[in-house]
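First the structure, in the form of structure tokens, and then the observations on it.
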Amino acid sequence: MNSYSFRTPARRLTAAAAVGALAAGPAVLASAVPAQATGGHGGKSSAVVLRTGLDVSLLDKSVNVPLTVSLNEVQAPQSAEKTALTAQLDGVDGGKPFSVLRADVATAKATVDEHKAEGYTNLAHAKVQVPGLPLLSLIEVEKVTSKAVCEAGKQPVAESNVLGAVTVFGKKVTLTAGGTSEVKVPGVGEVRLDLSKTHTTTRTAAATALELKVSVNPLKLNVAEVEGTVTLAGATCEAPDAPSAQESDDAPSGEDASGTSGAEKDVRAQGAAGEPVEGDLAETGGSSATPYIAGVAAVLVAAGGGALVLTRRRRQG
């Protein structure tokens, strides 16, 4: 009976020690591995078919009425295909709405994922008008497109195209890629056109098919002057962060491009520089859990020895 009464606490002591070692082991290992946090940049993209920033001066008032409108202006991930835009300005033509743009095709699309950001616009058979010139288009184009592509780890690309005829105030304009053209019409106004403007950096891209600097003095519909800018077919993008070596698509899940798992790299990091830790473990049959297993075994041996000493003293007593 006496031996039984002492043997039970001894067994409990051994079990408790083992449980404590098992519970403490993972915590100790976890504290030895430094935590890492990584932040990624998702990239950005945008697209707009038409954007105006115009100031409209009225004949009977010493004020400027802003005309700031846009058609199909989107940011990733979005798309739009509206083909007409109207506006209404107080004091202009009795406050009646007027058409700013009409087109057969007016598409804007912006997309972004972890690898690439892209903006795209397409405008076909379009007419743009400003207040005070109800019967005369500011500009007419057959087709213009812009595209900006920013891929992670690669040089961004920006391109724009003006296809077909372009007319300003009813006059056909000959455009030069990347150049500037000016159109002046007495009694109406003047327009400066910048064609196919593109800009890229190591991570961003921007493209505009046509940018117009407008100065119009129609003297009609209570409008004395219209000044500002009109942008046709704009696209921008910003590339996501390039994936690190550990995130290479060619590596299996949980491994980096060299085929080494994160756990194995952590084990090697604990050894001194130049020590063949991995080779030593392979030769002895050990693994990354070897220190942990050895620690648990030592606790079990110590606990078992203590229980045996207590039992023998009790029997002798």
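Residue numbering restarts at 1 for every chain of the structure tokens, chains are lettered A, B, ... in their displayed order, and ligands are numbered from 1 as they appear.
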Going by DSSP on the backbone, which bits of segment 39-124 of chain A are strand (DSSP E)? Write them as a PyMOL selection string, please. chain A and resi 44-58+64-67+70-71+74-75+78-80+84-87+98-112+116-124
Distance table requested - segment 139-178 of chain A against segment 204-221 of chain A, cut-off 7 Å, only C-alpha atoms: one row per qualifying residue with the closest atom pair and its distance in Å to one decimal, ordered by chain and rising residue number, as JSON lines.
{"residue": "A:Val144", "atom": "CA", "partner": "A:Ala209", "partner_atom": "CA", "distance": 6.2}
{"residue": "A:Thr145", "atom": "CA", "partner": "A:Ala209", "partner_atom": "CA", "distance": 6.3}
{"residue": "A:Ser146", "atom": "CA", "partner": "A:Ala207", "partner_atom": "CA", "distance": 5.8}
{"residue": "A:Lys147", "atom": "CA", "partner": "A:Ala207", "partner_atom": "CA", "distance": 6.4}
{"residue": "A:Ala148", "atom": "CA", "partner": "A:Ala205", "partner_atom": "CA", "distance": 5.7}
{"residue": "A:Val149", "atom": "CA", "partner": "A:Ala205", "partner_atom": "CA", "distance": 7.0}
{"residue": "A:Cys150", "atom": "CA", "partner": "A:Thr204", "partner_atom": "CA", "distance": 6.4}
{"residue": "A:Pro156", "atom": "CA", "partner": "A:Ala205", "partner_atom": "CA", "distance": 5.8}
{"residue": "A:Val157", "atom": "CA", "partner": "A:Ala205", "partner_atom": "CA", "distance": 6.2}
{"residue": "A:Ala158", "atom": "CA", "partner": "A:Ala207", "partner_atom": "CA", "distance": 5.5}
{"residue": "A:Glu159", "atom": "CA", "partner": "A:Ala207", "partner_atom": "CA", "distance": 5.9}
{"residue": "A:Ser160", "atom": "CA", "partner": "A:Ala209", "partner_atom": "CA", "distance": 5.1}
{"residue": "A:Asn161", "atom": "CA", "partner": "A:Ala209", "partner_atom": "CA", "distance": 6.0}
{"residue": "A:Val162", "atom": "CA", "partner": "A:Ala209", "partner_atom": "CA", "distance": 6.4}
Export of the given selection (C-alpha atoms) as a CSV table (one decimal), in the first residue's frame:
chain,number,residue,atom,x,y,z
A,144,VAL,CA,-7.9,58.0,-80.2
A,145,THR,CA,-6.6,55.5,-77.7
A,146,SER,CA,-4.2,55.5,-74.7
A,147,LYS,CA,-2.7,52.7,-72.7
A,148,ALA,CA,-0.5,52.6,-69.6
A,149,VAL,CA,0.9,49.3,-68.3
A,150,CYS,CA,2.9,48.9,-65.1
A,156,PRO,CA,6.4,50.6,-67.3
A,157,VAL,CA,5.0,51.3,-70.8
A,158,ALA,CA,2.9,54.2,-72.0
A,159,GLU,CA,1.5,54.7,-75.4
A,160,SER,CA,-1.2,56.7,-77.2
A,161,ASN,CA,-2.5,56.8,-80.7
A,162,VAL,CA,-4.5,59.3,-82.8
Pick the closest to Glu142 of chain A from A:Ala103, A:Thr174, A:Tyr120, A:Thr200: which is it, counting only C-alpha atoms? A:Ala103
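In this structure, atom CA of Glu73 of chain A sits 25.4 Å away from atom CA of Leu136 of chain A.
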Shell of 8 Å around Leu54 of chain A, only C-alpha atoms, local chain residues under 5 positions omitted, as an mmCIF file with all heavy atoms, in the first residue's frame:
data_model
loop_
_atom_site.group_PDB
_atom_site.id
_atom_site.type_symbol
_atom_site.label_atom_id
_atom_site.label_comp_id
_atom_site.auth_asym_id
_atom_site.auth_seq_id
_atom_site.Cartn_x
_atom_site.Cartn_y
_atom_site.Cartn_z
ATOM 1 N N PRO A 66 -17.065 77.922 -63.686
ATOM 2 C CA PRO A 66 -16.191 76.790 -64.035
ATOM 3 C C PRO A 66 -16.963 75.673 -64.729
ATOM 4 O O PRO A 66 -18.093 75.356 -64.356
ATOM 5 C CB PRO A 66 -15.657 76.325 -62.683
ATOM 6 C CG PRO A 66 -16.713 76.727 -61.707
ATOM 7 C CD PRO A 66 -17.309 78.004 -62.243
ATOM 8 N N LEU A 67 -16.339 75.098 -65.731
ATOM 9 C CA LEU A 67 -16.866 73.904 -66.384
ATOM 10 C C LEU A 67 -15.843 72.782 -66.157
ATOM 11 O O LEU A 67 -14.892 72.630 -66.918
ATOM 12 C CB LEU A 67 -17.088 74.134 -67.874
ATOM 13 C CG LEU A 67 -17.570 72.916 -68.686
ATOM 14 C CD1 LEU A 67 -18.890 72.383 -68.153
ATOM 15 C CD2 LEU A 67 -17.673 73.254 -70.161
ATOM 16 N N THR A 68 -16.047 72.054 -65.077
ATOM 17 C CA THR A 68 -15.145 70.966 -64.709
ATOM 18 C C THR A 68 -15.941 69.675 -64.728
ATOM 19 O O THR A 68 -16.680 69.358 -63.784
ATOM 20 C CB THR A 68 -14.538 71.190 -63.310
ATOM 21 O OG1 THR A 68 -13.904 72.469 -63.286
ATOM 22 C CG2 THR A 68 -13.522 70.116 -62.980
ATOM 23 N N VAL A 226 -13.969 81.529 -73.183
ATOM 24 C CA VAL A 226 -13.784 80.207 -72.580
ATOM 25 C C VAL A 226 -12.301 79.890 -72.619
ATOM 26 O O VAL A 226 -11.692 79.904 -73.700
ATOM 27 C CB VAL A 226 -14.581 79.115 -73.338
ATOM 28 C CG1 VAL A 226 -14.347 77.748 -72.692
ATOM 29 C CG2 VAL A 226 -16.063 79.448 -73.361
ATOM 30 N N GLU A 227 -11.723 79.605 -71.461
ATOM 31 C CA GLU A 227 -10.301 79.297 -71.388
ATOM 32 C C GLU A 227 -10.066 78.108 -70.468
ATOM 33 O O GLU A 227 -10.784 77.911 -69.490
ATOM 34 C CB GLU A 227 -9.497 80.508 -70.869
ATOM 35 C CG GLU A 227 -9.389 81.646 -71.856
ATOM 36 C CD GLU A 227 -8.369 82.685 -71.399
ATOM 37 O OE1 GLU A 227 -7.944 82.616 -70.222
ATOM 38 O OE2 GLU A 227 -8.013 83.547 -72.213
ATOM 39 N N GLY A 228 -9.027 77.330 -70.825
ATOM 40 C CA GLY A 228 -8.683 76.191 -69.976
ATOM 41 C C GLY A 228 -8.141 75.039 -70.785
ATOM 42 O O GLY A 228 -7.561 75.232 -71.867
ATOM 43 N N THR A 229 -8.328 73.834 -70.264
ATOM 44 C CA THR A 229 -7.778 72.640 -70.914
ATOM 45 C C THR A 229 -8.858 71.590 -71.127
ATOM 46 O O THR A 229 -9.832 71.499 -70.371
ATOM 47 C CB THR A 229 -6.651 72.016 -70.070
ATOM 48 O OG1 THR A 229 -7.179 71.634 -68.798
ATOM 49 C CG2 THR A 229 -5.503 72.980 -69.890
ATOM 50 N N VAL A 230 -8.648 70.804 -72.157
ATOM 51 C CA VAL A 230 -9.490 69.644 -72.445
ATOM 52 C C VAL A 230 -8.554 68.466 -72.710
ATOM 53 O O VAL A 230 -7.642 68.565 -73.545
ATOM 54 C CB VAL A 230 -10.396 69.882 -73.661
ATOM 55 C CG1 VAL A 230 -11.164 68.612 -74.009
ATOM 56 C CG2 VAL A 230 -11.359 71.032 -73.396
#
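Near Lys171 of chain A, within a cut-off of 12 Å and counting only C-alpha atoms, sit the residues Leu136, Ser137, Leu138, Ile139, Glu140, Val141, Ala165, Val166, Glu182, Val183, Lys184, Val185, Glu190 and Val191 of chain A, with same-chain residues fewer than 5 positions away left out.
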Using only C-alpha atoms, which residue out of A:Asp55, A:Glu81, A:Asp104, A:Asp241 lies closest to Glu151 of chain A?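 The closest residue to Glu151 of chain A is A:Asp241.
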Minimum-distance residue to Gly234 of chain A, chosen among A:Lys116, A:Lys96, A:Lys197, A:Arg203 (using only C-alpha atoms): A:Lys197
